[in-house]
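Trainee: Okay, so here is protein.cif, and as you'll see once you scroll down, it has mmCIF, C-alpha atoms and all ligand atoms.
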data_my_file
loop_
_atom_site.label_atom_id
_atom_site.label_comp_id
_atom_site.auth_asym_id
_atom_site.auth_seq_id
_atom_site.Cartn_x
_atom_site.Cartn_y
_atom_site.Cartn_z
CA MET A 16 70.47 78.11 191.54
CA GLY A 17 68.48 77.75 194.78
CA ARG A 18 67.05 74.36 193.79
CA VAL A 19 70.45 73.04 192.77
CA ARG A 20 71.82 74.26 196.08
CA ASP A 21 69.03 72.58 198.08
CA ALA A 22 69.50 69.33 196.17
CA LEU A 23 73.24 69.36 196.84
CA LEU A 24 72.77 69.89 200.58
CA ALA A 25 70.08 67.18 200.73
CA PHE A 26 72.44 64.79 198.95
CA TYR A 27 75.25 65.64 201.35
CA ASP A 28 73.08 65.13 204.42
CA ALA A 29 71.96 61.73 203.18
CA HIS A 30 75.13 60.37 201.62
CA LYS A 31 78.27 62.08 202.89
CA ARG A 32 81.10 59.69 203.71
CA GLU A 33 82.41 59.51 207.26
CA LEU A 34 85.94 60.82 206.93
CA PRO A 35 88.37 61.60 209.75
CA TRP A 36 88.77 65.26 208.84
CA ARG A 37 85.00 65.70 209.05
CA GLU A 38 84.96 64.74 212.74
CA GLY A 39 85.29 67.75 215.05
CA VAL A 40 86.38 70.01 212.21
CA SER A 41 89.35 72.28 212.86
CA ALA A 42 91.02 74.69 210.49
CA TYR A 43 94.36 72.92 210.88
CA ALA A 44 92.87 69.46 210.16
CA THR A 45 90.99 70.86 207.16
CA TRP A 46 94.20 72.41 205.86
CA VAL A 47 96.20 69.19 206.26
CA SER A 48 93.48 67.06 204.66
CA GLU A 49 92.93 69.40 201.73
CA ILE A 50 96.65 69.48 200.93
CA MET A 51 96.89 65.69 201.17
CA LEU A 52 93.82 65.22 198.98
CA GLN A 53 95.26 67.18 196.06
CA GLN A 54 95.90 64.68 193.25
CA THR A 55 95.42 61.82 195.70
CA ARG A 56 92.55 59.43 196.38
CA VAL A 57 90.61 59.58 199.64
CA GLU A 58 91.38 55.94 200.51
CA THR A 59 95.11 56.60 200.15
CA VAL A 60 94.96 59.74 202.26
CA VAL A 61 93.04 58.39 205.29
CA PRO A 62 95.89 56.41 206.96
CA TYR A 63 98.41 59.18 206.18
CA PHE A 64 96.07 61.76 207.69
CA HIS A 65 95.66 59.76 210.91
CA ALA A 66 99.41 59.25 211.29
CA PHE A 67 100.24 62.86 210.41
CA MET A 68 97.75 64.27 212.91
CA ARG A 69 99.04 61.96 215.62
CA LYS A 70 102.57 63.15 214.99
CA PHE A 71 101.82 66.82 214.34
CA PRO A 72 98.48 67.56 216.07
CA THR A 73 98.78 71.35 215.78
CA ALA A 74 100.33 73.94 213.51
CA LEU A 75 102.80 74.63 216.31
CA ALA A 76 103.91 70.97 216.43
CA LEU A 77 104.31 70.93 212.67
CA ALA A 78 106.26 74.19 212.64
CA ASP A 79 108.64 72.80 215.29
CA ALA A 80 109.30 69.56 213.41
CA SER A 81 112.37 68.92 211.29
CA SER A 82 112.10 68.69 207.53
CA ASP A 83 113.12 65.01 207.75
CA ASP A 84 110.30 64.29 210.22
CA VAL A 85 107.70 65.96 208.01
CA LEU A 86 108.90 64.26 204.83
CA ALA A 87 109.10 60.90 206.64
CA ALA A 88 105.43 61.27 207.57
CA TRP A 89 104.66 62.10 203.93
CA SER A 90 106.78 59.29 202.47
CA GLY A 91 104.87 57.33 199.84
CA LEU A 92 102.11 59.95 199.45
CA GLY A 93 103.88 61.65 196.55
CA TYR A 94 103.94 65.28 195.38
CA TYR A 95 106.38 66.13 198.17
CA ARG A 96 106.34 69.83 197.43
CA ARG A 97 102.95 69.82 199.18
CA ALA A 98 104.60 68.64 202.42
CA ARG A 99 107.37 71.22 202.18
CA MET A 100 104.84 74.00 201.57
CA LEU A 101 102.58 72.82 204.41
CA HIS A 102 105.59 72.82 206.72
CA ALA A 103 106.56 76.31 205.57
CA GLY A 104 102.93 77.43 205.98
CA ALA A 105 102.84 76.16 209.58
CA LYS A 106 105.93 78.23 210.35
CA VAL A 107 104.20 81.34 208.97
CA VAL A 108 101.07 80.55 211.02
CA VAL A 109 103.18 80.37 214.18
CA ARG A 110 105.27 83.43 213.33
CA ASP A 111 102.49 85.73 212.11
CA HIS A 112 99.25 84.37 213.59
CA GLY A 113 100.14 83.05 217.04
CA GLY A 114 99.77 79.44 215.90
CA GLU A 115 96.12 79.88 214.81
CA VAL A 116 95.21 79.26 211.18
CA PRO A 117 93.98 82.65 209.89
CA HIS A 118 90.24 83.09 209.38
CA THR A 119 89.96 85.07 206.21
CA ARG A 120 90.39 83.88 202.67
CA GLU A 121 92.76 86.78 202.02
CA ALA A 122 95.06 85.87 204.93
CA LEU A 123 94.93 82.19 204.00
CA LEU A 124 96.07 83.04 200.48
CA GLU A 125 99.24 84.53 201.97
CA LEU A 126 100.34 81.14 203.33
CA PRO A 127 102.88 79.14 201.31
CA GLY A 128 101.20 76.44 199.25
CA VAL A 129 97.68 77.81 199.77
CA GLY A 130 95.98 78.76 196.52
CA ARG A 131 92.41 79.83 196.00
CA TYR A 132 91.10 76.24 196.13
CA THR A 133 92.65 75.50 199.55
CA ALA A 134 91.80 78.95 200.89
CA GLY A 135 88.18 78.43 199.82
CA ALA A 136 88.07 75.01 201.45
CA ILE A 137 89.46 76.19 204.81
CA ALA A 138 87.44 79.42 204.87
CA SER A 139 84.15 77.69 204.04
CA ILE A 140 84.54 74.37 205.89
CA ALA A 141 86.33 75.54 209.03
CA PHE A 142 85.07 79.12 209.30
CA GLY A 143 81.67 79.02 207.57
CA GLN A 144 82.53 81.71 205.04
CA GLU A 145 80.89 81.95 201.63
CA ALA A 146 84.15 81.20 199.84
CA PRO A 147 83.98 79.23 196.59
CA LEU A 148 86.26 76.46 195.42
CA VAL A 149 86.77 74.60 192.16
CA ASP A 150 88.62 71.32 191.77
CA GLY A 151 88.37 68.50 189.23
CA ASN A 152 85.17 67.12 190.75
CA VAL A 153 83.56 70.56 190.78
CA VAL A 154 84.56 71.10 187.14
CA ARG A 155 82.79 67.89 186.20
CA VAL A 156 79.57 68.53 188.14
CA LEU A 157 79.18 72.19 187.15
CA SER A 158 80.02 71.62 183.49
CA ARG A 159 77.42 68.87 183.28
CA VAL A 160 74.66 70.54 185.30
CA PHE A 161 75.05 73.91 183.55
CA GLY A 162 75.97 72.46 180.14
CA ILE A 163 79.26 74.28 179.54
CA ASP A 164 80.39 73.13 176.14
CA ARG A 165 84.00 74.28 175.85
CA GLU A 166 87.39 73.27 177.13
CA LEU A 167 87.60 73.76 180.90
CA SER A 168 90.12 73.65 183.71
CA PRO A 169 89.85 74.32 187.46
CA GLN A 170 91.09 77.86 186.75
CA ASP A 171 88.13 78.73 184.53
CA ASP A 172 86.54 82.07 185.54
CA GLU A 173 82.98 81.05 184.66
CA LEU A 174 83.25 77.99 186.92
CA TRP A 175 84.51 80.16 189.78
CA SER A 176 81.57 82.54 189.25
CA LEU A 177 79.11 79.64 189.33
CA ALA A 178 80.81 78.21 192.44
CA GLN A 179 80.61 81.65 194.06
CA ALA A 180 76.90 81.94 193.27
CA LEU A 181 76.22 78.45 194.65
CA VAL A 182 78.14 78.88 197.89
CA ARG A 183 76.18 82.01 198.90
CA GLY A 184 73.72 81.08 201.62
CA PRO A 185 73.57 78.82 204.65
CA ARG A 186 76.15 76.06 205.23
CA PRO A 187 78.78 77.13 202.69
CA GLY A 188 81.29 74.50 203.87
CA ASP A 189 78.76 71.68 203.46
CA LEU A 190 77.74 73.06 200.07
CA ASN A 191 81.32 72.99 198.80
CA GLN A 192 81.86 69.50 200.16
CA ALA A 193 78.55 68.39 198.65
CA ILE A 194 79.62 69.30 195.10
CA MET A 195 82.96 67.54 195.53
CA GLU A 196 81.30 64.53 197.14
CA LEU A 197 78.75 64.26 194.33
CA GLY A 198 81.56 64.43 191.78
CA ALA A 199 83.58 61.77 193.61
CA THR A 200 80.78 59.29 194.24
CA VAL A 201 77.82 59.89 191.86
CA CYS A 202 78.75 62.19 188.98
CA THR A 203 81.87 60.20 188.21
CA LYS A 204 84.01 60.53 185.10
CA ASP A 205 83.07 57.35 183.29
CA ALA A 206 79.86 56.14 184.91
CA PRO A 207 77.69 58.94 186.30
CA ALA A 208 74.74 57.46 188.21
CA CYS A 209 72.17 59.93 186.88
CA GLN A 210 69.25 57.76 187.97
CA ASP A 211 70.35 58.21 191.61
CA CYS A 212 71.31 61.87 191.33
CA GLY A 213 69.30 64.56 193.05
CA LEU A 214 70.40 67.10 190.44
CA SER A 215 69.13 65.15 187.45
CA ARG A 216 66.01 67.31 186.97
CA TRP A 217 68.11 70.38 186.34
CA CYS A 218 71.06 68.77 184.64
CA GLU A 219 71.80 69.77 181.03
CA ALA A 220 74.12 66.80 180.44
CA ARG A 221 71.38 64.42 181.54
CA ARG A 222 68.78 66.21 179.40
CA LEU A 223 70.94 66.19 176.29
CA GLY A 224 72.71 62.87 176.89
CA LYS A 225 76.10 64.62 177.00
CA GLN A 226 77.52 63.00 180.14
CA ALA A 227 80.30 61.34 178.16
CA VAL A 228 81.19 64.60 176.38
CA TRP A 229 81.28 67.05 179.30
CA PRO A 230 83.50 68.28 180.78
CA ARG A 231 85.70 68.97 177.79
CA LEU A 232 89.20 68.79 179.24
CA PRO A 233 92.57 69.60 177.68
CA ARG A 234 94.23 66.51 176.24
CA LYS A 235 96.92 65.18 178.58
CA LYS A 236 100.46 64.93 177.26
CA ALA A 237 101.88 61.42 177.21
CA PRO A 238 104.44 60.98 180.00
CA ARG A 239 108.05 61.51 178.93
CA LYS A 240 110.13 58.32 178.99
CA VAL A 241 113.21 58.82 181.13
CA ALA A 242 116.14 56.42 181.56
CA MET A 243 117.91 56.55 184.91
CA GLU A 244 120.73 54.83 186.75
CA ALA A 245 120.65 54.13 190.49
CA LEU A 246 123.66 53.20 192.61
CA LEU A 247 123.44 50.89 195.62
CA VAL A 248 126.40 51.10 197.95
CA GLU A 249 126.24 49.08 201.13
CA ARG A 250 128.77 49.38 203.93
CA ARG A 251 128.62 47.41 207.16
CA GLY A 252 124.91 46.85 206.69
CA GLU A 253 124.14 50.50 205.94
CA LEU A 254 123.11 52.03 202.63
CA LEU A 255 124.45 55.14 200.96
CA LEU A 256 121.69 57.75 200.67
CA CYS A 257 121.84 61.23 199.22
CA ARG A 258 119.52 64.10 200.10
CA ARG A 259 118.09 66.02 197.17
CA ARG A 260 118.20 69.78 197.16
CA GLU A 261 114.97 71.41 198.37
CA GLU A 262 113.87 72.71 195.02
CA GLY A 263 112.71 70.41 192.25
CA LEU A 264 111.35 66.88 192.01
CA PHE A 265 111.62 64.87 195.26
CA GLY A 266 113.16 67.94 196.93
CA GLY A 267 114.47 67.24 200.47
CA LEU A 268 114.06 63.46 200.14
CA TRP A 269 116.76 60.83 200.69
CA GLU A 270 117.51 58.28 198.00
CA PRO A 271 120.24 56.05 196.67
CA PRO A 272 122.22 58.19 194.20
CA MET A 273 120.30 58.40 190.93
CA VAL A 274 121.19 60.06 187.67
CA GLU A 275 119.25 60.63 184.49
CA ARG A 276 120.87 59.22 181.39
CA SER A 277 120.10 61.49 178.48
CA MET A 278 119.49 59.98 175.08
CA GLY A 279 122.75 59.22 173.26
CA ASP A 280 124.87 59.44 176.43
CA ARG A 281 127.16 56.42 176.11
CA ARG A 282 129.27 57.01 179.21
CA ASP A 283 129.72 54.25 181.76
CA ALA A 284 127.37 54.40 184.72
CA SER A 285 130.45 54.78 186.96
CA GLU A 286 131.30 58.04 185.20
CA LEU A 287 127.78 59.38 185.63
CA PHE A 288 127.80 58.61 189.36
CA ALA A 289 131.32 59.98 189.81
CA GLU A 290 130.08 63.28 188.40
CA VAL A 291 127.35 63.75 191.02
CA LEU A 292 129.27 62.23 193.93
CA GLY A 293 132.58 63.92 193.18
CA CYS A 294 134.64 60.78 193.78
CA PRO A 295 135.56 57.62 191.83
CA VAL A 296 132.77 55.05 191.68
CA GLU A 297 133.01 51.44 190.68
CA VAL A 298 129.86 49.67 189.54
CA SER A 299 129.45 45.97 189.01
CA GLY A 300 126.67 44.76 186.76
CA VAL A 301 122.95 45.26 187.11
CA ALA A 302 120.97 44.25 190.19
CA SER A 303 117.55 44.95 188.66
CA VAL A 304 115.50 47.27 186.50
CA VAL A 305 112.71 49.24 188.18
CA ARG A 306 109.85 50.90 186.37
CA HIS A 307 107.95 53.77 187.96
CA VAL A 308 105.33 56.14 186.59
CA LEU A 309 104.98 59.75 187.73
CA THR A 310 102.42 62.24 186.44
CA HIS A 311 104.59 63.48 183.59
CA ARG A 312 107.36 60.89 183.43
CA GLU A 313 107.74 57.22 182.94
CA LEU A 314 110.98 56.15 184.59
CA THR A 315 113.08 53.09 183.81
CA VAL A 316 115.77 52.82 186.45
CA THR A 317 118.74 50.50 186.06
CA VAL A 318 119.86 49.60 189.56
CA ARG A 319 123.57 48.87 189.94
CA PRO A 320 125.53 47.68 192.97
CA GLY A 321 128.82 49.47 193.43
CA CYS A 322 131.33 51.07 195.77
CA LEU A 323 133.01 54.42 196.30
CA GLY A 324 136.70 54.79 195.50
CA ALA A 325 137.35 57.68 197.88
CA PRO A 326 134.43 58.49 200.14
CA ASP A 327 136.34 61.32 201.83
CA ALA A 328 136.40 63.17 198.53
CA MET A 329 132.65 63.00 198.03
CA THR A 330 131.15 66.43 197.32
CA CYS A 331 127.51 65.74 196.35
CA ALA A 332 127.05 67.84 193.25
CA GLY A 333 124.08 68.09 190.91
CA PRO A 334 120.73 67.43 192.56
CA TYR A 335 122.19 66.46 195.94
CA GLN A 336 123.09 68.52 199.00
CA ALA A 337 124.19 65.83 201.49
CA ALA A 338 124.93 62.14 201.89
CA ARG A 339 125.05 59.59 204.68
CA PHE A 340 125.01 55.88 205.34
CA ALA A 341 121.79 54.74 207.00
CA SER A 342 120.51 51.42 208.29
CA ARG A 343 117.31 50.02 206.79
CA ASP A 344 115.59 50.68 210.14
CA ALA A 345 116.51 54.36 209.91
CA LEU A 346 114.66 54.68 206.61
CA SER A 347 111.37 55.13 208.48
CA THR A 348 112.71 58.34 210.05
CA LEU A 349 113.67 59.91 206.71
CA GLY A 350 111.71 61.20 203.77
CA VAL A 351 112.04 58.47 201.15
CA SER A 352 109.95 58.33 197.98
CA ARG A 353 108.06 55.28 196.78
CA LEU A 354 110.48 55.11 193.83
CA SER A 355 113.48 54.98 196.16
CA ARG A 356 111.88 52.25 198.25
CA LYS A 357 111.34 50.21 195.10
CA VAL A 358 114.98 50.72 194.11
CA LEU A 359 116.24 49.81 197.60
CA GLU A 360 114.00 46.75 197.81
CA SER A 361 115.02 45.61 194.35
CA GLY A 362 118.66 45.59 195.39
CA ALA A 363 118.19 44.41 198.97
CA GLU A 364 120.40 41.40 198.47
CA ILE A 365 123.46 43.13 197.07
CA ALA A 366 126.74 42.12 198.55
CA GLU A 367 128.86 44.57 200.44
CA LYS A 368 131.44 45.91 198.04
CA LYS A 369 134.97 46.84 199.02
CA PRO A 370 134.15 48.75 202.19
CA ARG A 371 136.34 51.74 202.87
CA ARG A 372 136.35 54.18 205.76
CA GLY A 373 135.45 57.74 205.09
CA LYS A 374 133.41 60.57 206.47
CA LEU A 375 130.56 61.72 204.28
CA ARG A 376 129.19 65.19 204.31
S1 LIG A 401 72.37 63.99 186.51
FE1 LIG A 401 74.10 62.75 185.92
S2 LIG A 401 75.48 64.11 184.81
FE2 LIG A 401 73.99 65.37 185.89
S3 LIG A 401 75.02 65.91 187.80
FE3 LIG A 401 73.78 64.08 188.20
S4 LIG A 401 75.18 62.35 187.86
FE4 LIG A 401 76.10 64.19 186.93
#
Is it possible to give me this structure as structure tokens?
Mentor:
Amino acid sequence: MGRVRDALLAFYDAHKRELPWREGVSAYATWVSEIMLQQTRVETVVPYFHAFMRKFPTALALADASSDDVLAAWSGLGYYRRARMLHAGAKVVVRDHGGEVPHTREALLELPGVGRYTAGAIASIAFGQEAPLVDGNVVRVLSRVFGIDRELSPQDDELWSLAQALVRGPRPGDLNQAIMELGATVCTKDAPACQDCGLSRWCEARRLGKQAVWPRLPRKKAPRKVAMEALLVERRGELLLCRRREEGLFGGLWEPPMVERSMGDRRDASELFAEVLGCPVEVSGVASVVRHVLTHRELTVTVRPGCLGAPDAMTCAGPYQAARFASRDALSTLGVSRLSRKVLESGAEIAEKKPRRGKLR
């Protein structure tokens, strides 16, 4: 274990990437970066991290921000529940910890959205504690080095025990980052560079030629195909947007009204929209069809221009809690998903349809 540890730290010292959250490490910056990095590539995260830290430089600033401001800063990064939980976590930090991110793994685990991976990352990287962590990269490196020949996930107890044994000793934060860095840049999924790897002398996968076999991971389910309808209503140059309820997919984000069309549902699109908007809707044709892939769903969205028959009667049922008309410029101040941007861009040229006055809730 000691030699593996030394080799990991030597690798990290020689090859670690310069990343913004590694400069002048703070617990808050580590927290933000670790949440952003979940399920998301480093290159994608870097510009979001810079912008987010400029806008919300402290937990206090984040706690004080509106939900729209936070989701606007997260727009396009995906997995928006992470942003809502980070926001909620900042409020707890201000309320219960005087605005300082707590130091212990146990206290960190009490924060919304902080599981044992994130708690381990903050405790080890920001506070130098011997706290382990396991993510997808760690699963890959440990399974190969120690030759674990069974189905694994980041929740696996044996992996957490190995990570705990490795992190004991000097520089626990660097050690944790070293394993993840090795997994991201050398011990990659499809092309591990064993000839350049400082762990190769002790690596079971290398010795047995099992790099392509380990880690054994659960087979992923094919994404579910989902048909959707989107409604574009434009009035005096502004677009109708609805805000999704906080819970669920895209919670808290603004989007043109969208409804899922279940298989066999033959109703007109106008009927489907009338159901969620609570007022008559008239649609005219198809502006475009947008395809969008999420982790578990493959969406095909039929985008239709249309107008509202009685905006005053709108009640926003189903997944929506509010509605408003917004200019295209205002979109940058609201949380809007990448899917919604695609839908809005695809229908950017729609004509204004039968404008009527009416106050929206
Ligand atoms: S020797 Fe190869 S398989 Fe083993 S840890 Fe290094 S890169 Fe991964």
Trainee: Please identify every residue of chain A that has at least one atom no farther than 7 Å from an atom of ligand LIG 401 (chain A), counting all atoms listed in the file, and for each give the shortest atom pair and the distance in Å to one decimal, arranged by chain then increasing number, as CSV.
Mentor:
residue,atom,partner,partner_atom,distance
A:Val156,CA,A:LIG401,S3,5.3
A:Arg159,CA,A:LIG401,S2,5.4
A:Val160,CA,A:LIG401,FE2,5.2
A:Val201,CA,A:LIG401,S4,5.4
A:Cys202,CA,A:LIG401,S4,3.7
A:Pro207,CA,A:LIG401,S4,4.5
A:Ala208,CA,A:LIG401,S4,4.9
A:Cys209,CA,A:LIG401,FE1,3.5
A:Cys212,CA,A:LIG401,FE3,4.6
A:Gly213,CA,A:LIG401,FE3,6.6
A:Leu214,CA,A:LIG401,FE3,5.1
A:Ser215,CA,A:LIG401,S1,3.6
A:Cys218,CA,A:LIG401,FE2,4.7
A:Glu219,CA,A:LIG401,FE2,6.9
A:Ala220,CA,A:LIG401,S2,5.3
A:Arg221,CA,A:LIG401,S1,5.1
A:Gln226,CA,A:LIG401,S2,5.2
Trainee: Contacts of stretch 342-347 of chain A at 7 Å or less, counting all atoms listed in the file, minus same-chain residues fewer than 6 places along, as a list of chain:residue names?
Mentor: A:Ala87, A:Gly252, A:Glu253, A:Leu254
Trainee: Generate a file of the selected residues that holds C-alpha atoms, formatted as a tab-separated table (two decimals), keeping the file's coordinate frame.
Mentor:
chain	number	residue	atom	x	y	z
A	87	ALA	CA	109.10	60.90	206.64
A	252	GLY	CA	124.91	46.85	206.69
A	253	GLU	CA	124.14	50.50	205.94
A	254	LEU	CA	123.11	52.03	202.63
Trainee: Nearest residue to A:Val316 out of A:Ala302, A:Val149, A:Leu77, A:Val47, using all atoms listed in the file?
Mentor: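 Counting all atoms listed in the file, the residue closest to A:Val316 is A:Ala302.
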Trainee: Rounded to one decimal in Å, what is the spacing between atom CA of A:Pro295 and atom CA of A:Ala328?
Mentor: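 If I compute the distance from atom CA of A:Pro295 to atom CA of A:Ala328, I get 8.7 Å.
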Trainee: For A:Glu145, please output as a PyMOL selection string all residues within 12 Å (counting all atoms listed in the file; exclusion window: fewer than 3 positions along the same chain).
Mentor: chain A and resi 119-120+134-142+148+178-191
Trainee: Assuming 8 Å of padding per side, give the centre and edge lengths of the axis-aligned box around every listed atom of stretch 353-358 of chain A, in Å to one decimal and as AutoDock Vina command-line options.
Mentor:
--center_x 111.5 --center_y 52.7 --center_z 196.0 --size_x 22.9 --size_y 21.1 --size_z 20.4
Trainee: Go through A:Val61, A:Ala341, A:Ser361, A:Glu125 and flag the residue nearest A:Val301, using only C-alpha atoms for the distances.
Mentor: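 Looking only at the distances to A:Val301, the closest residue turns out to be A:Ser361.
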Trainee: Counting only C-alpha atoms, which residue out of A:Gly350, A:Pro233, A:Gly293, A:Gly300 sits closest to A:Gly267?
Mentor: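 Looking at the shortest contact to A:Gly267, the residue is A:Gly350.
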Trainee: Atom CA of A:Leu101 and atom CA of A:Gly113 are how many Å apart?
Mentor: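 For atom CA of A:Leu101 relative to atom CA of A:Gly113, the distance reads 16.4 Å.
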Trainee: For atom CA of A:Leu24 and atom CA of A:Arg222, quote the distance in Å rounded to one decimal.
Mentor: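 Between these atoms lies a distance of 21.9 Å.
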Trainee: Do a neighbour search on A:Gln170 at 9 Å with all atoms listed in the file, toss out local chain neighbours closer than 4 positions, and write the hits as a PyMOL selection string.
Mentor: chain A and resi 149-150+174-175
Trainee: Please return as a list in words every residue within 8 Å of (120.9, 58.3, 183.4), taking into account only C-alpha atoms and the file's own coordinates.
Mentor: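 Applying the cut-off with only C-alpha atoms, one gets Ala242, Met243, Glu244, Met273, Val274, Glu275, Arg276, Ser277, Ala284 and Leu287 of chain A.
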Trainee: Compare A:Arg20, A:Met68, A:Ser158, A:Asp28 by their minimum atom-to-atom distance to A:Thr45, counting all atoms listed in the file, and give me the closest one.
Mentor: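 When distances to A:Thr45 are compared using all atoms listed in the file, the smallest one comes from A:Met68.
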Trainee: A:Leu255, A:Val305, A:Val154, A:Val107: which is nearest A:Lys357, counting only C-alpha atoms?
Mentor: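 Once distances to A:Lys357 are computed over only C-alpha atoms, the minimum belongs to A:Val305.
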Trainee: Would you kindly return, as a PyMOL selection string, each protein, DNA or RNA residue with an atom no farther than 8 Å from any atom of stretch 330-336 of chain A, considering all atoms listed in the file and excluding same-chain residues fewer than 2 positions away?
Mentor: chain A and resi 257-260+290-294+328+338+376
Trainee: Of the residues A:Thr200, A:Arg165, A:Glu38, A:Phe71, which is the one nearest to A:Arg56, using all atoms listed in the file?
Mentor: A:Thr200
Trainee: Can you pull out the residues contacting A:Ser352? Cut-off 9 Å, using all atoms listed in the file, and skip same-chain residues under 4 positions away; I want them as a PyMOL selection string.
Mentor: chain A and resi 89-93+95+265+268-270+356-357
